[in-house]
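Enquirer: Contents are mmCIF, C-alpha atoms; file name entry.cif:
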data_model
loop_
_atom_site.group_PDB
_atom_site.id
_atom_site.type_symbol
_atom_site.label_atom_id
_atom_site.label_comp_id
_atom_site.auth_asym_id
_atom_site.auth_seq_id
_atom_site.Cartn_x
_atom_site.Cartn_y
_atom_site.Cartn_z
ATOM 1 C CA MET O 262 -14.016 75.006 -13.882
ATOM 2 C CA GLU O 263 -11.565 73.121 -16.097
ATOM 3 C CA LYS O 264 -10.505 74.581 -19.401
ATOM 4 C CA GLU O 265 -9.327 72.540 -22.358
ATOM 5 C CA ILE O 266 -6.435 73.763 -24.479
ATOM 6 C CA LYS O 267 -6.329 72.507 -28.043
ATOM 7 C CA ILE O 268 -3.416 72.432 -30.406
ATOM 8 C CA SER O 269 -3.838 72.408 -34.155
ATOM 9 C CA PHE O 270 -1.885 70.569 -36.812
ATOM 10 C CA HIS O 271 -2.586 69.084 -40.195
ATOM 11 C CA VAL O 272 -1.470 65.744 -41.582
ATOM 12 C CA ILE O 273 -0.467 65.805 -45.231
ATOM 13 C CA PRO O 274 -0.608 62.173 -46.462
ATOM 14 C CA SER O 275 2.521 62.247 -48.646
ATOM 15 C CA TYR O 276 4.949 64.282 -50.723
ATOM 16 C CA GLU O 277 2.587 64.119 -53.702
ATOM 17 C CA ASP O 278 -0.013 66.085 -51.706
ATOM 18 C CA LEU O 279 2.276 69.095 -51.173
ATOM 19 C CA ASP O 280 1.941 72.241 -53.279
ATOM 20 C CA GLU O 281 4.874 73.390 -55.451
ATOM 21 C CA THR O 282 6.397 75.675 -52.792
ATOM 22 C CA GLU O 283 6.128 72.959 -50.154
ATOM 23 C CA LYS O 284 7.772 70.465 -52.524
ATOM 24 C CA LYS O 285 10.690 72.879 -53.065
ATOM 25 C CA LEU O 286 11.155 73.178 -49.302
ATOM 26 C CA PHE O 287 10.902 69.401 -48.835
ATOM 27 C CA GLU O 288 13.527 68.814 -51.531
ATOM 28 C CA ALA O 289 15.825 71.508 -50.111
ATOM 29 C CA ALA O 290 15.602 70.057 -46.579
ATOM 30 C CA LYS O 291 16.113 66.524 -47.901
ATOM 31 C CA ALA O 292 19.190 67.549 -49.922
ATOM 32 C CA VAL O 293 20.874 69.560 -47.137
ATOM 33 C CA ARG O 294 20.211 66.693 -44.709
ATOM 34 C CA GLU O 295 23.026 64.885 -46.532
ATOM 35 C CA ASN O 296 25.434 67.634 -45.343
ATOM 36 C CA ALA O 297 24.770 66.888 -41.681
ATOM 37 C CA TYR O 298 27.802 66.200 -39.549
ATOM 38 C CA ALA O 299 26.279 63.431 -37.453
ATOM 39 C CA ASN O 300 29.187 61.067 -36.794
ATOM 40 C CA TYR O 301 27.978 60.232 -33.280
ATOM 41 C CA SER O 302 24.211 59.811 -33.572
ATOM 42 C CA ASN O 303 24.049 58.916 -37.280
ATOM 43 C CA PHE O 304 20.778 60.850 -37.279
ATOM 44 C CA LEU O 305 20.680 63.312 -40.164
ATOM 45 C CA VAL O 306 18.395 66.341 -40.108
ATOM 46 C CA GLY O 307 17.890 68.993 -42.764
ATOM 47 C CA CYS O 308 16.008 72.258 -42.457
ATOM 48 C CA ALA O 309 14.763 74.649 -45.138
ATOM 49 C CA LEU O 310 13.332 78.094 -44.418
ATOM 50 C CA LEU O 311 11.252 80.190 -46.790
ATOM 51 C CA LEU O 312 11.767 83.912 -46.320
ATOM 52 C CA ASP O 313 9.268 86.613 -47.207
ATOM 53 C CA ASN O 314 11.629 87.718 -49.999
ATOM 54 C CA GLY O 315 11.292 84.269 -51.645
ATOM 55 C CA GLU O 316 14.761 83.008 -50.635
ATOM 56 C CA ILE O 317 15.131 79.456 -49.368
ATOM 57 C CA ILE O 318 17.806 79.046 -46.697
ATOM 58 C CA THR O 319 19.013 75.602 -45.613
ATOM 59 C CA GLY O 320 21.019 74.043 -42.805
ATOM 60 C CA SER O 321 21.753 70.702 -41.189
ATOM 61 C CA ASN O 322 22.606 69.345 -37.766
ATOM 62 C CA GLN O 323 26.232 69.627 -36.682
ATOM 63 C CA GLU O 324 27.481 67.336 -33.909
ATOM 64 C CA ASN O 325 30.525 67.486 -31.686
ATOM 65 C CA ALA O 326 32.279 64.842 -29.591
ATOM 66 C CA ALA O 327 31.868 67.164 -26.607
ATOM 67 C CA TYR O 328 28.114 66.886 -26.116
ATOM 68 C CA PRO O 329 26.114 69.172 -26.084
ATOM 69 C CA SER O 330 28.355 71.395 -28.192
ATOM 70 C CA GLY O 331 26.612 70.411 -31.430
ATOM 71 C CA LEU O 332 23.590 72.156 -32.854
ATOM 72 C CA CYS O 333 20.335 70.974 -34.388
ATOM 73 C CA ALA O 334 19.474 71.751 -38.013
ATOM 74 C CA GLU O 335 16.643 74.096 -37.055
ATOM 75 C CA ARG O 336 18.800 76.331 -34.860
ATOM 76 C CA THR O 337 21.763 76.193 -37.259
ATOM 77 C CA THR O 338 19.483 77.451 -40.027
ATOM 78 C CA ILE O 339 17.473 80.020 -38.109
ATOM 79 C CA TYR O 340 20.529 81.595 -36.434
ATOM 80 C CA TRP O 341 22.436 81.840 -39.720
ATOM 81 C CA THR O 342 19.376 83.346 -41.380
ATOM 82 C CA SER O 343 18.958 85.963 -38.659
ATOM 83 C CA ALA O 344 22.639 86.912 -38.877
ATOM 84 C CA ASN O 345 22.604 87.227 -42.668
ATOM 85 C CA PHE O 346 19.033 88.382 -43.363
ATOM 86 C CA PRO O 347 18.171 90.347 -40.194
ATOM 87 C CA LYS O 348 15.173 92.131 -41.719
ATOM 88 C CA ALA O 349 13.659 89.156 -43.566
ATOM 89 C CA GLN O 350 10.732 87.305 -42.071
ATOM 90 C CA ILE O 351 10.587 83.523 -41.993
ATOM 91 C CA THR O 352 7.257 82.313 -43.371
ATOM 92 C CA LYS O 353 7.769 78.532 -43.491
ATOM 93 C CA MET O 354 10.140 75.983 -41.993
ATOM 94 C CA PHE O 355 10.525 72.415 -43.289
ATOM 95 C CA VAL O 356 12.376 69.824 -41.203
ATOM 96 C CA ILE O 357 13.299 66.316 -42.395
ATOM 97 C CA GLY O 358 15.083 63.852 -40.163
ATOM 98 C CA ALA O 359 15.908 60.161 -40.218
ATOM 99 C CA PRO O 360 18.715 57.784 -39.290
ATOM 100 C CA ARG O 361 21.562 57.524 -41.793
ATOM 101 C CA ASN O 362 20.983 54.748 -44.369
ATOM 102 C CA MET O 363 17.546 53.870 -43.060
ATOM 103 C CA LEU O 364 14.147 54.669 -44.501
ATOM 104 C CA SER O 365 11.702 55.909 -41.914
ATOM 105 C CA SER O 366 8.166 57.197 -42.219
ATOM 106 C CA GLN O 367 7.949 58.667 -38.699
ATOM 107 C CA PRO O 368 7.717 62.499 -38.931
ATOM 108 C CA ILE O 369 10.504 64.095 -36.873
ATOM 109 C CA PRO O 370 9.437 67.229 -34.954
ATOM 110 C CA PRO O 371 11.796 69.918 -33.667
ATOM 111 C CA CYS O 372 13.261 69.207 -30.216
ATOM 112 C CA GLY O 373 12.357 71.352 -27.201
ATOM 113 C CA ALA O 374 15.365 73.663 -27.534
ATOM 114 C CA CYS O 375 14.566 74.251 -31.209
ATOM 115 C CA ARG O 376 10.912 74.929 -30.409
ATOM 116 C CA GLN O 377 11.967 77.574 -27.900
ATOM 117 C CA SER O 378 14.342 79.147 -30.447
ATOM 118 C CA ILE O 379 11.678 79.187 -33.163
ATOM 119 C CA LEU O 380 9.324 80.835 -30.655
ATOM 120 C CA GLU O 381 11.880 83.620 -30.133
ATOM 121 C CA TYR O 382 11.984 84.337 -33.864
ATOM 122 C CA GLU O 383 8.201 84.274 -34.166
ATOM 123 C CA ALA O 384 8.128 86.910 -31.406
ATOM 124 C CA LYS O 385 10.957 88.894 -33.039
ATOM 125 C CA GLN O 386 9.134 89.117 -36.352
ATOM 126 C CA ASP O 387 5.649 89.294 -34.783
ATOM 127 C CA GLN O 388 4.413 86.698 -37.248
ATOM 128 C CA PRO O 389 3.960 82.938 -36.929
ATOM 129 C CA ILE O 390 6.141 80.506 -38.836
ATOM 130 C CA GLU O 391 4.422 77.550 -40.494
ATOM 131 C CA ILE O 392 6.316 74.428 -39.502
ATOM 132 C CA TYR O 393 6.356 71.213 -41.507
ATOM 133 C CA PHE O 394 8.098 68.122 -40.211
ATOM 134 C CA ALA O 395 8.628 64.806 -41.902
ATOM 135 C CA SER O 396 10.877 61.862 -42.512
ATOM 136 C CA LEU O 397 12.104 60.692 -45.895
ATOM 137 C CA GLU O 398 8.723 59.239 -46.784
ATOM 138 C CA GLY O 399 5.214 59.013 -45.393
ATOM 139 C CA GLU O 400 3.057 61.606 -43.692
ATOM 140 C CA ILE O 401 4.064 65.219 -43.241
ATOM 141 C CA PHE O 402 2.830 67.193 -40.236
ATOM 142 C CA LYS O 403 2.117 70.913 -40.507
ATOM 143 C CA THR O 404 1.430 73.521 -37.839
ATOM 144 C CA LYS O 405 0.557 77.194 -38.295
ATOM 145 C CA SER O 406 2.868 78.232 -35.453
ATOM 146 C CA VAL O 407 5.422 76.775 -33.066
ATOM 147 C CA ARG O 408 2.927 77.608 -30.299
ATOM 148 C CA ASP O 409 1.011 74.502 -31.402
ATOM 149 C CA LEU O 410 4.116 72.451 -30.579
ATOM 150 C CA LEU O 411 4.902 74.454 -27.447
ATOM 151 C CA PRO O 412 1.539 75.433 -25.940
ATOM 152 C CA PHE O 413 2.924 76.505 -22.552
ATOM 153 C CA SER O 414 5.669 78.695 -23.904
ATOM 154 C CA PHE O 415 8.058 81.017 -22.127
ATOM 155 C CA ASP O 416 8.698 84.309 -23.883
ATOM 156 C CA SER O 417 9.779 87.860 -23.127
ATOM 157 C CA SER O 418 6.363 88.703 -21.669
ATOM 158 C CA PHE O 419 7.480 86.873 -18.501
ATOM 159 C CA LEU O 420 10.570 89.045 -18.061
#
What's the C-alpha coordinates form of this structure?

Expert:
Amino acid sequence: MEKEIKISFHVIPSYEDLDETEKKLFEAAKAVRENAYANYSNFLVGCALLLDNGEIITGSNQENAAYPSGLCAERTTIYWTSANFPKAQITKMFVIGAPRNMLSSQPIPPCGACRQSILEYEAKQDQPIEIYFASLEGEIFKTKSVRDLLPFSFDSSFL
(Lines of atoms letter the chains of each structure in order from A and count residues from 1; the text may use other names and numbers.)
(Lines give C-alpha, C1' and ligand atoms only; values in the text may rest on other atoms or scores of the structure.)
Protein backbone atom coordinates (compact mmCIF):
# COMPACT_ATOMS: atom_id res chain seq x y z
CA MET A 1 0.00 0.00 0.00
CA GLU A 2 1.32 3.44 -0.94
CA LYS A 3 1.96 6.01 1.74
CA GLU A 4 1.87 9.75 1.19
CA ILE A 5 4.44 11.98 2.87
CA LYS A 6 3.41 15.57 3.42
CA ILE A 7 5.60 18.55 4.07
CA SER A 8 4.37 21.63 5.86
CA PHE A 9 5.13 25.28 5.24
CA HIS A 10 3.33 28.56 5.61
CA VAL A 11 3.19 31.46 3.20
CA ILE A 12 3.34 34.88 4.82
CA PRO A 13 1.98 37.38 2.24
CA SER A 14 4.45 40.21 2.91
CA TYR A 15 6.80 41.92 5.34
CA GLU A 16 3.88 43.78 6.91
CA ASP A 17 2.40 40.45 8.04
CA LEU A 18 5.45 39.48 10.11
CA ASP A 19 5.49 39.89 13.89
CA GLU A 20 8.06 42.21 15.52
CA THR A 21 10.68 39.48 16.07
CA GLU A 22 10.31 38.25 12.50
CA LYS A 23 10.67 41.82 11.21
CA LYS A 24 13.92 42.22 13.19
CA LEU A 25 15.27 39.02 11.63
CA PHE A 26 14.15 40.09 8.15
CA GLU A 27 15.87 43.47 8.54
CA ALA A 28 19.04 41.88 9.93
CA ALA A 29 19.24 39.38 7.04
CA LYS A 30 18.50 42.12 4.50
CA ALA A 31 21.21 44.41 5.94
CA VAL A 32 23.94 41.73 6.17
CA ARG A 33 23.11 40.62 2.62
CA GLU A 34 24.87 43.81 1.52
CA ASN A 35 28.12 42.43 3.04
CA ALA A 36 28.11 39.40 0.77
CA TYR A 37 31.26 38.81 -1.23
CA ALA A 38 29.57 37.67 -4.43
CA ASN A 39 31.83 39.00 -7.19
CA TYR A 40 31.26 35.95 -9.40
CA SER A 41 27.54 35.18 -9.14
CA ASN A 42 26.33 38.67 -8.16
CA PHE A 43 23.77 36.84 -6.04
CA LEU A 44 23.68 38.27 -2.53
CA VAL A 45 22.33 36.25 0.40
CA GLY A 46 21.96 37.28 4.02
CA CYS A 47 21.12 35.08 6.98
CA ALA A 48 19.98 36.00 10.49
CA LEU A 49 19.69 33.52 13.35
CA LEU A 50 17.76 34.03 16.57
CA LEU A 51 19.32 32.27 19.54
CA ASP A 52 17.48 31.13 22.64
CA ASN A 53 19.37 33.81 24.60
CA GLY A 54 17.78 36.53 22.40
CA GLU A 55 20.94 37.28 20.37
CA ILE A 56 20.64 37.77 16.62
CA ILE A 57 23.64 36.50 14.66
CA THR A 58 24.11 37.37 10.98
CA GLY A 59 26.21 36.24 8.04
CA SER A 60 26.39 36.46 4.27
CA ASN A 61 27.60 34.35 1.37
CA GLN A 62 31.32 34.46 0.63
CA GLU A 63 32.51 33.42 -2.84
CA ASN A 64 35.90 32.42 -4.15
CA ALA A 65 37.32 32.27 -7.67
CA ALA A 66 38.21 28.64 -6.98
CA TYR A 67 34.72 27.14 -6.96
CA PRO A 68 33.45 25.54 -4.71
CA SER A 69 35.66 27.15 -2.08
CA GLY A 70 33.05 29.77 -1.19
CA LEU A 71 30.35 29.31 1.40
CA CYS A 72 26.64 30.08 1.51
CA ALA A 73 25.23 32.59 4.00
CA GLU A 74 23.40 29.91 5.98
CA ARG A 75 26.50 27.80 6.62
CA THR A 76 28.71 30.85 7.23
CA THR A 77 26.28 31.98 9.92
CA ILE A 78 25.49 28.65 11.54
CA TYR A 79 29.15 27.54 11.73
CA TRP A 80 30.27 30.85 13.23
CA THR A 81 27.42 30.69 15.72
CA SER A 82 28.32 27.16 16.79
CA ALA A 83 31.97 28.12 17.24
CA ASN A 84 31.18 31.22 19.29
CA PHE A 85 27.97 30.21 21.10
CA PRO A 86 28.38 26.42 21.45
CA LYS A 87 25.69 26.05 24.12
CA ALA A 88 23.08 28.37 22.58
CA GLN A 89 20.18 26.92 20.65
CA ILE A 90 19.07 28.35 17.33
CA THR A 91 15.32 28.97 17.36
CA LYS A 92 14.79 30.79 14.04
CA MET A 93 16.68 31.30 10.80
CA PHE A 94 15.82 33.99 8.24
CA VAL A 95 17.35 33.86 4.75
CA ILE A 96 17.03 36.61 2.12
CA GLY A 97 18.56 36.27 -1.31
CA ALA A 98 18.36 38.09 -4.62
CA PRO A 99 20.58 39.16 -7.51
CA ARG A 100 22.63 42.31 -6.94
CA ASN A 101 20.78 45.47 -8.08
CA MET A 102 17.62 43.62 -9.01
CA LEU A 103 14.31 43.45 -7.19
CA SER A 104 12.92 39.95 -6.99
CA SER A 105 9.87 38.57 -5.25
CA GLN A 106 10.83 34.88 -5.58
CA PRO A 107 11.56 33.44 -2.10
CA ILE A 108 15.06 31.91 -2.03
CA PRO A 109 15.30 28.64 -0.05
CA PRO A 110 18.51 27.19 1.39
CA CYS A 111 20.46 24.99 -1.04
CA GLY A 112 20.85 21.25 -0.46
CA ALA A 113 24.20 21.54 1.32
CA CYS A 114 22.79 24.19 3.66
CA ARG A 115 19.71 22.07 4.36
CA GLN A 116 21.95 19.17 5.36
CA SER A 117 24.03 21.46 7.61
CA ILE A 118 20.93 22.92 9.27
CA LEU A 119 19.71 19.36 9.85
CA GLU A 120 22.95 18.58 11.70
CA TYR A 121 22.41 21.51 14.05
CA GLU A 122 18.77 20.59 14.64
CA ALA A 123 20.01 17.13 15.67
CA LYS A 124 22.82 18.61 17.79
CA GLN A 125 20.43 20.78 19.77
CA ASP A 126 17.55 18.26 19.66
CA GLN A 127 15.16 21.04 18.70
CA PRO A 128 13.82 22.16 15.33
CA ILE A 129 14.81 25.48 13.81
CA GLU A 130 12.06 27.56 12.23
CA ILE A 131 13.24 28.60 8.78
CA TYR A 132 11.99 31.64 6.90
CA PHE A 133 13.11 32.35 3.37
CA ALA A 134 12.36 35.32 1.19
CA SER A 135 13.57 37.76 -1.40
CA LEU A 136 13.66 41.53 -1.00
CA GLU A 137 9.91 41.81 -1.41
CA GLY A 138 6.86 39.60 -1.79
CA GLU A 139 5.89 36.40 -0.03
CA ILE A 140 7.88 34.85 2.78
CA PHE A 141 7.91 31.08 3.26
CA LYS A 142 8.15 29.56 6.74
CA THR A 143 8.78 26.00 7.86
CA LYS A 144 8.82 24.61 11.40
CA SER A 145 11.90 22.48 10.67
CA VAL A 146 14.45 21.84 7.94
CA ARG A 147 12.94 18.35 7.71
CA ASP A 148 10.08 19.95 5.76
CA LEU A 149 12.64 21.08 3.17
CA LEU A 150 14.60 17.82 3.36
CA PRO A 151 12.04 15.07 3.95
CA PHE A 152 14.37 12.17 3.12
CA SER A 153 17.22 13.30 5.30
CA PHE A 154 20.47 11.58 6.18
CA ASP A 155 21.54 11.94 9.80
CA SER A 156 23.65 10.18 12.41
CA SER A 157 20.99 7.51 12.91
CA PHE A 158 22.26 5.90 9.68
CA LEU A 159 25.83 5.61 10.97

Enquirer: To one decimal place, how far is CA of Leu310 (chain O) from CA of Tyr328 (chain O) in Å?

Expert: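 The value is 26.1 Å.
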
Enquirer: Can you tell me, as a PyMOL selection string, what residues are no more than 10 Å from Ser321 (chain O) when counting all atoms listed in the file, ignoring any on the same chain fewer than 5 positions away?

Expert: chain O and resi 290-299+305-309+332-338+356-358

Enquirer: Taking a cut-off of 12 Å and counting all atoms listed in the file, can you build a table that, for each residue of region 280-340 of chain O near region 269-274 of chain O, reports the nearest atom pair and how far apart they are in Å (one decimal), sorted by chain then residue number, as a Markdown table?

Expert:
| residue | atom | partner | partner_atom | distance |
| --- | --- | --- | --- | --- |
| O:Asp280 | CA | O:Ile273 | CA | 10.6 |
| O:Glu283 | CA | O:Ile273 | CA | 10.9 |
| O:Lys284 | CA | O:Ile273 | CA | 11.9 |

Enquirer: From the list O:Gln386, O:Ser366, O:Asn314, O:Ser378, which residue is nearest Val407 (chain O) when using all atoms listed in the file?

Expert: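 Selected residue with least distance to Val407 (chain O): O:Ser378.
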
Enquirer: Residues near Ser414 (chain O), anyone? I mean within 10 Å using all atoms listed in the file, not counting same-chain ones fewer than 4 positions away, as a CSV table (one decimal) with C-alpha atoms, in the frame of the given file.

Expert:
chain,number,residue,atom,x,y,z
O,376,ARG,CA,10.9,74.9,-30.4
O,377,GLN,CA,12.0,77.6,-27.9
O,380,LEU,CA,9.3,80.8,-30.7
O,407,VAL,CA,5.4,76.8,-33.1
O,408,ARG,CA,2.9,77.6,-30.3
O,409,ASP,CA,1.0,74.5,-31.4
O,410,LEU,CA,4.1,72.5,-30.6
O,419,PHE,CA,7.5,86.9,-18.5

Enquirer: If you measure from CA of Phe346 (chain O) to CA of Pro412 (chain O), what distance in Å do you get, rounded to one decimal?

Expert: 27.9 Å

Enquirer: Rounded to one decimal place, report the CA of Glu398 (chain O)-CA of Lys267 (chain O) distance in Å.

Expert: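 Atom-to-atom, CA of Glu398 (chain O) to CA of Lys267 (chain O), that is 27.5 Å.
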